[in-house]
Amino acid sequence: MLSVRQMDFNLRDWTDDDFRQISASEKKIKKVGQSAGAGSDKFITACRDLLTCVITGSPANIEQVITTITHVRAFAYLLVNSAEFISKVRINYALLIHLTSIRSPLSRLTLTQLIRAFLTQFDKVTNAEQLENWCKFIKYQLSQLDTSKGSSDLKIHAKYANEIFSIDGPEKIVERASDEKVDFETIVKKLALNGYTDGRYLTLSRYYYYLETLEAINIGEDHPILQEVCKKDVINSPYKENRLLGHAILEILIDRSQGSQISQSWQNTILTIAGDPRVPKSHSNFQQWWALLGEKRIALMRGWLSRFDLKLFLKILEQSAEDGYNSDMRRMFKDRKIFMEGLESQGLVAESRLFLSRYAEQYLRRHYKKEELPNFARVESSETSMIYLNIAGSIHMIEGSHSFKLKLMDKLPSNSRVNDYSVNYIRDHSLRTTIEMQYQEEFSGRYGITAITHHPPLNWQNKAINFLKKHNVKVTISEVIPQENYREYKQKFGVY
């Protein structure tokens, strides 16, 4: 007498949650069954069989469940319509081939559903290798169709199968639009993909279209595409080589602006996506974005932001004079503006940092979006704001509002923390008086610091120019003083 060897099974107990998920899915399927015609009960049962398999933790056994043509139809249907099924099933080549062992070639309905699943889910339900196999499978099935008569989406898909059903298909769609010189929506309609606009496939295509557009528009152009590329789902979308689409967007904007002054709209876009690179390297924005963009791009952005810092500081300085009815500030504003802008226009400003009063911060918040502002530190003052400028990489300059003396020094005291981006809050006197004492204490006997009162006109500029010259920083004098005062300056001090 034959004996049967005992087999051990280790199956987990079903939970109430398992039954709830299956019950909820059955309700969805029954809605379809009501209009599915003859055999709808079989179809609902097939769907339930497949759902039970994946929901109870046995998706690897799904091939054993798919035994009839109805199961094949149910599989394709669930892959499009059931979130529970999609979240647990994994498409692989063996599974796809198994479908054809039940019916070959696949019916048009089943193939249409598989294509819909492909265009809707794309890389969400499989890895790159299996996605390529899915592409091959669909292209083969399309090649078995008789497309000699009539017209249908399947006929169009078969014609352009090599472009559409490819692991880099989303990019190929954009390339075709570019080659044919048509917009994105036109090519989508031509390839009969307009029914899948919310799917993962066309979402990626649209993202690549954004990159193509950024490459094509005029440098610095304030184009509507800039608003689109700032969206979180766009910038955080996977791109290539473990990078995000946001990295590609940033590279295009920065690289195309190289050699010119970046436009305000492009700069705002970069700041909105990645923030200011002048933050501690441990900062989340730096880690996510700037660390992968390279030092050259960081240096370019630092330079552009220095100009922006200066622009903001001068606006604050001017507004402070107007709002405070300060005649001295208004009188001195023009000369100070020309002096600092002249240094910047000569390419002498290597780095900058803003220190803003409560008033200045409120003023900027009214005129700029939070994400469009550069990194700055707050000053414990309702009025005084300052700006730090690194001149030619060798001289440190600090300028400020409200009776602030212009400070120039050849070294920064180590405990001043002026360019320490982890410091977000300082006291007014730290840069007004304390930094001078810190310099004298640390560099005793060194004559590399000066504090200049902005009066009388031309005299203070001459003192600053002489200090810079003494420390090997060459300044074109005509660019840092008012044109109408240049002749007077030459008469008083000469030009060297």
# chains A, B, ... in the order shown; residues from 1 in each chain; ligands from 1
$ residues_around --residues "Arg243 (chain A)" --least-positions-apart "6" --cutoff "12 Å" --atoms "only C-alpha atoms" --output "PyMOL selection string"
chain A and resi 235-237+249-251+288-293
$ write_last_selection --atoms "all heavy atoms" --output "mmCIF file, in the first residue's frame"
data_model
loop_
_atom_site.group_PDB
_atom_site.id
_atom_site.type_symbol
_atom_site.label_atom_id
_atom_site.label_comp_id
_atom_site.auth_asym_id
_atom_site.auth_seq_id
_atom_site.Cartn_x
_atom_site.Cartn_y
_atom_site.Cartn_z
ATOM 1 N N ILE A 235 9.638 68.239 -9.471
ATOM 2 C CA ILE A 235 11.059 68.258 -9.085
ATOM 3 C C ILE A 235 11.478 67.000 -8.350
ATOM 4 O O ILE A 235 12.646 66.608 -8.388
ATOM 5 C CB ILE A 235 11.401 69.504 -8.243
ATOM 6 C CG1 ILE A 235 10.626 69.523 -6.925
ATOM 7 C CG2 ILE A 235 11.134 70.762 -9.034
ATOM 8 C CD1 ILE A 235 10.993 70.672 -6.019
ATOM 9 N N ASN A 236 10.538 66.324 -7.688
ATOM 10 C CA ASN A 236 10.877 65.126 -6.925
ATOM 11 C C ASN A 236 10.691 63.840 -7.718
ATOM 12 O O ASN A 236 10.841 62.746 -7.175
ATOM 13 C CB ASN A 236 10.051 65.054 -5.639
ATOM 14 C CG ASN A 236 10.464 66.117 -4.634
ATOM 15 O OD1 ASN A 236 11.646 66.324 -4.387
ATOM 16 N ND2 ASN A 236 9.492 66.809 -4.067
ATOM 17 N N SER A 237 10.395 63.973 -8.994
ATOM 18 C CA SER A 237 10.221 62.787 -9.834
ATOM 19 C C SER A 237 11.584 62.176 -10.176
ATOM 20 O O SER A 237 12.532 62.887 -10.504
ATOM 21 C CB SER A 237 9.500 63.164 -11.130
ATOM 22 O OG SER A 237 9.343 62.038 -11.964
ATOM 23 N N ILE A 249 16.547 70.210 -14.032
ATOM 24 C CA ILE A 249 15.998 71.557 -14.215
ATOM 25 C C ILE A 249 16.995 72.608 -13.745
ATOM 26 O O ILE A 249 17.273 73.593 -14.443
ATOM 27 C CB ILE A 249 14.665 71.699 -13.459
ATOM 28 C CG1 ILE A 249 13.604 70.788 -14.084
ATOM 29 C CG2 ILE A 249 14.192 73.147 -13.449
ATOM 30 C CD1 ILE A 249 12.367 70.606 -13.238
ATOM 31 N N LEU A 250 17.563 72.395 -12.569
ATOM 32 C CA LEU A 250 18.534 73.340 -12.012
ATOM 33 C C LEU A 250 19.771 73.450 -12.899
ATOM 34 O O LEU A 250 20.291 74.549 -13.135
ATOM 35 C CB LEU A 250 18.939 72.893 -10.603
ATOM 36 C CG LEU A 250 17.843 72.989 -9.534
ATOM 37 C CD1 LEU A 250 18.261 72.234 -8.284
ATOM 38 C CD2 LEU A 250 17.528 74.437 -9.203
ATOM 39 N N GLU A 251 20.258 72.321 -13.391
ATOM 40 C CA GLU A 251 21.449 72.330 -14.249
ATOM 41 C C GLU A 251 21.217 73.148 -15.510
ATOM 42 O O GLU A 251 22.086 73.921 -15.938
ATOM 43 C CB GLU A 251 21.839 70.893 -14.598
ATOM 44 C CG GLU A 251 22.452 70.135 -13.422
ATOM 45 C CD GLU A 251 22.678 68.674 -13.732
ATOM 46 O OE1 GLU A 251 22.296 68.234 -14.850
ATOM 47 O OE2 GLU A 251 23.229 67.956 -12.877
ATOM 48 N N GLN A 288 20.089 67.627 -0.493
ATOM 49 C CA GLN A 288 19.234 67.102 -1.560
ATOM 50 C C GLN A 288 19.593 67.654 -2.929
ATOM 51 O O GLN A 288 19.557 66.905 -3.916
ATOM 52 C CB GLN A 288 17.762 67.395 -1.259
ATOM 53 C CG GLN A 288 16.817 66.843 -2.336
ATOM 54 C CD GLN A 288 15.355 67.059 -1.996
ATOM 55 O OE1 GLN A 288 15.018 67.812 -1.076
ATOM 56 N NE2 GLN A 288 14.465 66.416 -2.729
ATOM 57 N N TRP A 289 19.945 68.944 -2.997
ATOM 58 C CA TRP A 289 20.112 69.582 -4.296
ATOM 59 C C TRP A 289 21.553 69.985 -4.603
ATOM 60 O O TRP A 289 22.172 69.458 -5.517
ATOM 61 C CB TRP A 289 19.195 70.808 -4.397
ATOM 62 C CG TRP A 289 17.753 70.492 -4.187
ATOM 63 C CD1 TRP A 289 16.963 70.842 -3.126
ATOM 64 C CD2 TRP A 289 16.906 69.723 -5.068
ATOM 65 N NE1 TRP A 289 15.693 70.350 -3.289
ATOM 66 C CE2 TRP A 289 15.623 69.668 -4.468
ATOM 67 C CE3 TRP A 289 17.106 69.085 -6.295
ATOM 68 C CZ2 TRP A 289 14.548 69.003 -5.048
ATOM 69 C CZ3 TRP A 289 16.044 68.425 -6.883
ATOM 70 C CH2 TRP A 289 14.791 68.387 -6.264
ATOM 71 N N TRP A 290 22.104 70.904 -3.824
ATOM 72 C CA TRP A 290 23.384 71.513 -4.184
ATOM 73 C C TRP A 290 24.550 70.543 -4.117
ATOM 74 O O TRP A 290 25.488 70.642 -4.917
ATOM 75 C CB TRP A 290 23.642 72.736 -3.302
ATOM 76 C CG TRP A 290 22.645 73.818 -3.545
ATOM 77 C CD1 TRP A 290 21.612 74.191 -2.742
ATOM 78 C CD2 TRP A 290 22.550 74.638 -4.721
ATOM 79 N NE1 TRP A 290 20.884 75.194 -3.334
ATOM 80 C CE2 TRP A 290 21.439 75.497 -4.544
ATOM 81 C CE3 TRP A 290 23.307 74.741 -5.896
ATOM 82 C CZ2 TRP A 290 21.073 76.432 -5.495
ATOM 83 C CZ3 TRP A 290 22.934 75.674 -6.843
ATOM 84 C CH2 TRP A 290 21.829 76.507 -6.640
ATOM 85 N N ALA A 291 24.516 69.590 -3.218
ATOM 86 C CA ALA A 291 25.624 68.634 -3.094
ATOM 87 C C ALA A 291 25.834 67.845 -4.381
ATOM 88 O O ALA A 291 26.945 67.394 -4.672
ATOM 89 C CB ALA A 291 25.369 67.674 -1.925
ATOM 90 N N LEU A 292 24.766 67.699 -5.168
ATOM 91 C CA LEU A 292 24.858 66.919 -6.408
ATOM 92 C C LEU A 292 25.083 67.795 -7.645
ATOM 93 O O LEU A 292 25.259 67.263 -8.743
ATOM 94 C CB LEU A 292 23.576 66.093 -6.602
ATOM 95 C CG LEU A 292 23.294 65.042 -5.519
ATOM 96 C CD1 LEU A 292 21.990 64.323 -5.801
ATOM 97 C CD2 LEU A 292 24.432 64.029 -5.445
ATOM 98 N N LEU A 293 25.069 69.108 -7.469
ATOM 99 C CA LEU A 293 25.214 70.001 -8.616
ATOM 100 C C LEU A 293 26.652 70.439 -8.871
ATOM 101 O O LEU A 293 26.960 70.963 -9.936
ATOM 102 C CB LEU A 293 24.327 71.241 -8.442
ATOM 103 C CG LEU A 293 22.823 70.978 -8.483
ATOM 104 C CD1 LEU A 293 22.051 72.243 -8.175
ATOM 105 C CD2 LEU A 293 22.400 70.421 -9.835
#
$ residues_around --residues "Leu305 (chain A)" --least-positions-apart "4" --cutoff "8 Å" --atoms "only C-alpha atoms" --output "JSON, numbers by chain"
{"A": [301, 309, 352, 374]}
$ closest_residue --among "A:Glu221, A:Leu312, A:Phe165, A:Ser101" --to "Glu132 (chain A)" --atoms "only C-alpha atoms"
A:Phe165
$ select_by_dssp --residues "region 170-356 of chain A" --states "helix (DSSP H, G or I)" --output "ChimeraX atom specification"
/A:170-179,184-190,194-196,200-216,225-228,232-235,245-257,264-274,284-288,290-292,295-323,327-345
$ closest_residue --among "A:Tyr363, A:Tyr439, A:Tyr93, A:Trp266" --to "Leu214 (chain A)" --atoms "only C-alpha atoms"
A:Trp266
$ closest_residue --among "A:Tyr368, A:Tyr140, A:Tyr77, A:Tyr210" --to "Pro105 (chain A)" --atoms "only C-alpha atoms"
A:Tyr140
$ select_by_dssp --residues "region 221-400 of chain A" --states "strand (DSSP E)" --output "JSON, numbers by chain"
{"A": [349, 350, 351, 352, 353, 354, 355, 356, 376, 377, 378, 379, 380, 386, 387, 388, 389, 390, 391, 395, 396, 397, 398, 399, 400]}
$ residues_around --residues "region 110-126 of chain A" --least-positions-apart "2" --cutoff "7 Å" --atoms "only C-alpha atoms" --output "list of chain:residue names"
A:Arg73, A:Ala76, A:Tyr77, A:Leu79, A:Val80, A:Ile86, A:Arg90, A:Ile91, A:Leu106, A:Ser107, A:Arg108, A:Ala128, A:Gln130, A:Leu131, A:Tyr196, A:Gly199, A:Arg200, A:Tyr201
$ write_last_selection --atoms "C-alpha atoms" --output "compact mmCIF listing (two decimals), in the first residue's frame"
# COMPACT_ATOMS: atom_id res chain seq x y z
CA ARG A 73 -9.29 39.14 -18.69
CA ALA A 76 -5.79 42.78 -17.18
CA TYR A 77 -8.85 44.48 -15.71
CA LEU A 79 -4.14 45.83 -13.33
CA VAL A 80 -5.95 48.95 -14.46
CA ILE A 86 -1.68 47.12 -8.41
CA ARG A 90 4.65 42.55 -9.80
CA ILE A 91 4.82 42.21 -13.55
CA LEU A 106 -4.31 37.81 -26.60
CA SER A 107 -7.74 39.19 -27.41
CA ARG A 108 -7.94 42.82 -28.46
CA ALA A 128 13.68 48.45 -15.19
CA GLN A 130 11.04 43.65 -16.19
CA LEU A 131 9.68 46.87 -17.68
CA TYR A 196 -3.89 58.37 -20.74
CA GLY A 199 -1.00 58.06 -16.25
CA ARG A 200 2.60 57.70 -15.15
CA TYR A 201 3.88 57.33 -18.74
$ closest_residue --among "A:Phe137, A:Tyr489, A:Phe355, A:Phe75" --to "Arg427 (chain A)" --atoms "only C-alpha atoms"
A:Phe355
$ residues_around --residues "Thr272 (chain A)" --least-positions-apart "2" --cutoff "8 Å" --atoms "only C-alpha atoms" --output "list in words"
Cys230, Asn268, Thr269, Ile270, Ala274, Gly275, Glu371 and Glu372 of chain A
$ residues_around --residues "His396 (chain A)" --least-positions-apart "3" --cutoff "12 Å" --atoms "only C-alpha atoms" --output "MDAnalysis selection string"
chainID A and resid 348:353 387:393 399 406:413 416 418:419 435 439 448:451 464 467:468 471 473
$ residues_around --residues "Trp304 (chain A)" --least-positions-apart "5" --cutoff "12 Å" --atoms "only C-alpha atoms" --output "MDAnalysis selection string"
chainID A and resid 254 257:264 266:268 270:271 276:278 297:299 309:311 344:345 347 349:352 374
$ write_last_selection --atoms "N, CA, C and O atoms" --output "CSV table (one decimal), in the first residue's frame"
chain,number,residue,atom,x,y,z
A,254,ILE,N,21.0,77.0,-14.6
A,254,ILE,CA,22.3,77.5,-14.2
A,254,ILE,C,23.3,77.5,-15.3
A,254,ILE,O,24.0,78.5,-15.6
A,257,SER,N,22.6,80.1,-18.0
A,257,SER,CA,22.8,81.5,-17.6
A,257,SER,C,24.3,81.8,-17.4
A,257,SER,O,24.6,83.0,-17.1
A,258,GLN,N,25.2,80.8,-17.4
A,258,GLN,CA,26.6,81.0,-17.2
A,258,GLN,C,27.1,82.1,-18.2
A,258,GLN,O,26.8,82.1,-19.4
A,259,GLY,N,27.9,83.0,-17.7
A,259,GLY,CA,28.5,84.0,-18.6
A,259,GLY,C,27.7,85.2,-18.7
A,259,GLY,O,28.0,86.2,-19.4
A,260,SER,N,26.5,85.3,-18.0
A,260,SER,CA,25.7,86.5,-18.0
A,260,SER,C,25.1,86.6,-16.6
A,260,SER,O,25.3,85.8,-15.8
A,261,GLN,N,24.4,87.7,-16.4
A,261,GLN,CA,23.7,87.9,-15.2
A,261,GLN,C,22.4,87.2,-15.2
A,261,GLN,O,21.6,87.5,-16.1
A,262,ILE,N,22.1,86.3,-14.3
A,262,ILE,CA,20.9,85.5,-14.4
A,262,ILE,C,19.7,86.4,-14.2
A,262,ILE,O,19.7,87.4,-13.5
A,263,SER,N,18.6,86.1,-14.9
A,263,SER,CA,17.4,86.9,-14.8
A,263,SER,C,16.7,86.6,-13.5
A,263,SER,O,16.9,85.6,-12.8
A,264,GLN,N,15.8,87.6,-13.1
A,264,GLN,CA,15.1,87.5,-11.8
A,264,GLN,C,14.2,86.2,-11.8
A,264,GLN,O,14.1,85.5,-10.8
A,266,TRP,N,14.5,83.4,-13.5
A,266,TRP,CA,15.2,82.1,-13.4
A,266,TRP,C,15.8,82.0,-12.1
A,266,TRP,O,15.9,80.9,-11.5
A,267,GLN,N,16.3,83.1,-11.5
A,267,GLN,CA,16.9,83.0,-10.1
A,267,GLN,C,15.8,82.6,-9.1
A,267,GLN,O,16.0,81.7,-8.3
A,268,ASN,N,14.6,83.2,-9.3
A,268,ASN,CA,13.5,82.8,-8.4
A,268,ASN,C,13.1,81.3,-8.5
A,268,ASN,O,12.8,80.7,-7.5
A,270,ILE,N,15.2,78.9,-9.3
A,270,ILE,CA,16.2,78.1,-8.7
A,270,ILE,C,16.0,78.1,-7.1
A,270,ILE,O,16.1,77.1,-6.5
A,271,LEU,N,15.8,79.3,-6.6
A,271,LEU,CA,15.6,79.5,-5.2
A,271,LEU,C,14.4,78.7,-4.7
A,271,LEU,O,14.4,78.1,-3.6
A,276,ASP,N,18.8,78.7,-1.1
A,276,ASP,CA,20.1,79.3,-1.2
A,276,ASP,C,21.2,78.3,-0.9
A,276,ASP,O,21.1,77.6,0.1
A,277,PRO,N,22.2,78.2,-1.7
A,277,PRO,CA,23.3,77.3,-1.4
A,277,PRO,C,24.2,77.7,-0.3
A,277,PRO,O,25.0,77.0,0.3
A,278,ARG,N,24.1,79.0,0.1
A,278,ARG,CA,24.9,79.5,1.2
A,278,ARG,C,24.3,79.2,2.6
A,278,ARG,O,23.9,80.0,3.3
A,297,ARG,N,28.7,75.1,-10.2
A,297,ARG,CA,27.4,75.7,-10.2
A,297,ARG,C,27.0,76.4,-8.9
A,297,ARG,O,26.3,77.4,-8.9
A,298,ILE,N,27.5,75.9,-7.8
A,298,ILE,CA,27.4,76.6,-6.5
A,298,ILE,C,28.0,78.0,-6.5
A,298,ILE,O,27.4,79.0,-6.1
A,299,ALA,N,29.2,78.0,-7.1
A,299,ALA,CA,30.0,79.3,-7.2
A,299,ALA,C,29.2,80.3,-8.0
A,299,ALA,O,29.2,81.5,-7.7
A,309,ASP,N,21.6,90.1,-3.2
A,309,ASP,CA,21.8,90.6,-1.8
A,309,ASP,C,22.0,92.1,-1.8
A,309,ASP,O,21.3,92.9,-1.0
A,310,LEU,N,22.9,92.6,-2.7
A,310,LEU,CA,23.2,94.0,-2.7
A,310,LEU,C,21.9,94.8,-3.2
A,310,LEU,O,21.6,95.9,-2.7
A,311,LYS,N,21.2,94.3,-4.2
A,311,LYS,CA,20.0,94.9,-4.7
A,311,LYS,C,19.0,95.0,-3.5
A,311,LYS,O,18.4,96.1,-3.3
A,344,GLU,N,30.5,95.8,-7.5
A,344,GLU,CA,29.9,94.6,-8.0
A,344,GLU,C,30.0,94.5,-9.5
A,344,GLU,O,30.4,93.5,-10.1
A,345,SER,N,29.8,95.6,-10.2
A,345,SER,CA,29.9,95.6,-11.7
A,345,SER,C,31.3,95.3,-12.2
A,345,SER,O,31.5,94.9,-13.3
A,347,GLY,N,33.1,93.1,-10.9
A,347,GLY,CA,33.3,91.7,-10.6
A,347,GLY,C,34.2,91.5,-9.3
A,347,GLY,O,34.8,90.4,-9.2
A,349,VAL,N,33.0,91.6,-6.1
A,349,VAL,CA,32.2,91.0,-5.0
A,349,VAL,C,32.2,89.5,-5.2
A,349,VAL,O,31.6,89.0,-6.1
A,350,ALA,N,32.9,88.8,-4.3
A,350,ALA,CA,33.0,87.3,-4.4
A,350,ALA,C,32.0,86.6,-3.6
A,350,ALA,O,31.6,85.5,-3.9
A,351,GLU,N,31.5,87.3,-2.6
A,351,GLU,CA,30.6,86.6,-1.6
A,351,GLU,C,29.8,87.7,-0.9
A,351,GLU,O,30.3,88.8,-0.7
A,352,SER,N,28.6,87.4,-0.4
A,352,SER,CA,27.9,88.3,0.4
A,352,SER,C,27.0,87.6,1.4
A,352,SER,O,26.7,86.4,1.3
A,374,PRO,N,16.8,85.2,-0.7
A,374,PRO,CA,18.0,84.5,-0.3
A,374,PRO,C,18.1,84.2,1.2
A,374,PRO,O,17.3,84.8,2.0
$ closest_residue --among "A:Asn194, A:Gln438, A:Thr100, A:Gln346" --to "Thr476 (chain A)" --atoms "only C-alpha atoms"
A:Gln346
$ residues_around --residues "Cys47 (chain A)" --least-positions-apart "3" --cutoff "8 Å" --atoms "only C-alpha atoms" --output "MDAnalysis selection string"
chainID A and resid 29 43:44 50:51 71 74:75 78
$ write_last_selection --atoms "C-alpha atoms" --output "mmCIF file, in the first residue's frame"
data_model
loop_
_atom_site.group_PDB
_atom_site.id
_atom_site.type_symbol
_atom_site.label_atom_id
_atom_site.label_comp_id
_atom_site.auth_asym_id
_atom_site.auth_seq_id
_atom_site.Cartn_x
_atom_site.Cartn_y
_atom_site.Cartn_z
ATOM 1 C CA ILE A 29 -16.014 44.364 -9.234
ATOM 2 C CA PHE A 43 -15.598 37.261 -14.266
ATOM 3 C CA ILE A 44 -16.337 38.425 -10.717
ATOM 4 C CA LEU A 50 -6.761 36.939 -8.128
ATOM 5 C CA LEU A 51 -7.406 39.515 -5.398
ATOM 6 C CA HIS A 71 -8.762 34.875 -15.440
ATOM 7 C CA ALA A 74 -9.677 39.629 -14.951
ATOM 8 C CA PHE A 75 -5.919 40.044 -14.535
ATOM 9 C CA LEU A 78 -7.496 44.515 -12.143
#
